[in-house]
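Peer 1: Shown below is the structure under consideration.
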Amino acid sequence: MKKIIGFTLAFVLVTVGLINIDWHRLGKENAYVQVGDVTNVEETTLDSGEVVRRYVYETEAYTNDGEARDVTFTAAKELRQGAFLMLYMKGEAVTSYDEVEASDVPEAAREKL
């Protein structure tokens with residue numbers, strides 16, 4: 001009986017842990033940008049008639065070492081001008097981002113922003 005309870009508890013903990021992992025951020029490279037102007041706005045009309053907008057940003061991002069990379073990413077809302085973002089990247093694709101303070105940006109990248 002104790003084995004069954006232990007196995008069930010372990011299974012529940014592993015399942016909950018896997019559900020809560022953000023796969024868009026796990027194991028990705030980081031690059032940093034300072035938000036500028038929106039490059040493009042893509043509009044999609046859903047079957048319900050609702051219009052969904054995606055804001056496209058094309059800019060130069062900098063790695064922890066200050067290496068420049070051209071990136072394109074989208075957001076569901078217009079981002080705050082001048083905000084610093086930490087991008088999560090897999091190859092050339094941006095999978096997610098977080099707004100960070102300027103002090104959180106590595107110095108090599110901050111010097112170039």
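By convention here, the chains of the structure tokens are called A, B, ... in the order presented, each chain's residues are numbered starting at 1, and ligands are numbered starting at 1 in the order presented.
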Within 12 Å of Gly66 of chain A, counting only C-alpha atoms, which residues qualify if same-chain residues fewer than 3 places away don't, as a PyMOL selection string?
Peer 2: chain A and resi 30-33+60-63+69+105-113
Peer 1: Taking 3 positions as the minimum chain separation for residues in the same chain, which residues sit within 9 Å of Glu101 of chain A when counting only C-alpha atoms? Answer as a ChimeraX atom specification.
Peer 2: /A:83-85,104-105
Peer 1: Would you save the residues of that selection, restricted to N, CA, C and O atoms, as a tab-separated table (two decimals), in the first residue's frame?
Peer 2:
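As written to disk, selection_32.tsv reads:
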chain	number	residue	atom	x	y	z
A	83	ALA	N	11.51	50.58	-23.33
A	83	ALA	CA	11.64	49.48	-22.38
A	83	ALA	C	12.74	48.53	-22.84
A	83	ALA	O	12.99	48.38	-24.03
A	84	PHE	N	13.39	47.89	-21.88
A	84	PHE	CA	14.41	46.89	-22.19
A	84	PHE	C	13.77	45.51	-22.12
A	84	PHE	O	13.03	45.21	-21.18
A	85	LEU	N	14.05	44.69	-23.13
A	85	LEU	CA	13.52	43.33	-23.17
A	85	LEU	C	14.65	42.32	-23.22
A	85	LEU	O	15.67	42.55	-23.88
A	104	ASP	N	19.61	45.07	-15.35
A	104	ASP	CA	19.63	43.62	-15.57
A	104	ASP	C	20.26	43.24	-16.91
A	104	ASP	O	20.51	42.06	-17.15
A	105	VAL	N	20.48	44.22	-17.77
A	105	VAL	CA	21.08	43.96	-19.08
A	105	VAL	C	22.59	43.87	-18.90
A	105	VAL	O	23.19	44.76	-18.28
Peer 1: In Å, how far is it from atom CA of Met86 of chain A to atom CA of Val51 of chain A?
Peer 2: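 One can read the atom CA of Met86 of chain A to atom CA of Val51 of chain A distance as 28.3 Å.
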Peer 1: Would you list the contacts of Arg54 of chain A as a list in words, taking every protein, DNA or RNA residue within 7 Å and counting only C-alpha atoms, but skipping same-chain residues closer than 6 positions in sequence?
Peer 2: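 What passes the distance filter is Val41, Glu42, Glu43, Thr74, Ala75, Ala76 and Lys77 of chain A.
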Peer 1: If you run DSSP over the backbone, which residues in segment 67-110 of chain A end up helix (DSSP H, G or I)? Put them as a list in words.
Peer 2: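 Here is the list: Ala102, Ser103, Asp104, Glu107, Ala108, Ala109 and Arg110 of chain A.
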Peer 1: Which value, in Å to one decimal, gives the distance between atom CA of Gln34 of chain A and atom CA of Ala102 of chain A?
Peer 2: 9.2 Å
Peer 1: List every residue of chain A that DSSP, applied to the backbone of this structure, assigns to strand (DSSP E or B), and report them as a VMD selection string.
Peer 2: chain A and resid 29 to 34 40 to 45 51 to 62 68 to 75 84 to 90 93 to 100
Peer 1: Please provide the set of residues having any atom within 9 Å of Tyr57 of chain A, restricted to only C-alpha atoms, with same-chain residues fewer than 3 positions apart removed, written as a list in words.
Peer 2: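 Skipping anything fewer than 3 positions along the chain leaves Val35, Gly36, Asp37, Val38, Thr39, Asn40, Val71, Thr72, Phe73, Thr74 and Ala75 of chain A.
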Peer 1: Now that the selection is made, can you save its residues with C-alpha atoms as a compact mmCIF listing (two decimals), in the first residue's frame?
Peer 2:
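See selection.txt below for the written result:
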# COMPACT_ATOMS: atom_id res chain seq x y z
CA VAL A 35 11.90 48.78 -27.66
CA GLY A 36 11.61 51.23 -30.54
CA ASP A 37 8.87 51.92 -33.05
CA VAL A 38 6.49 49.24 -34.29
CA THR A 39 7.60 48.05 -37.73
CA ASN A 40 4.24 46.64 -38.83
CA VAL A 71 15.69 39.91 -34.87
CA THR A 72 12.01 40.03 -35.65
CA PHE A 73 9.41 39.36 -32.98
CA THR A 74 5.73 40.05 -32.38
CA ALA A 75 3.65 41.13 -29.41
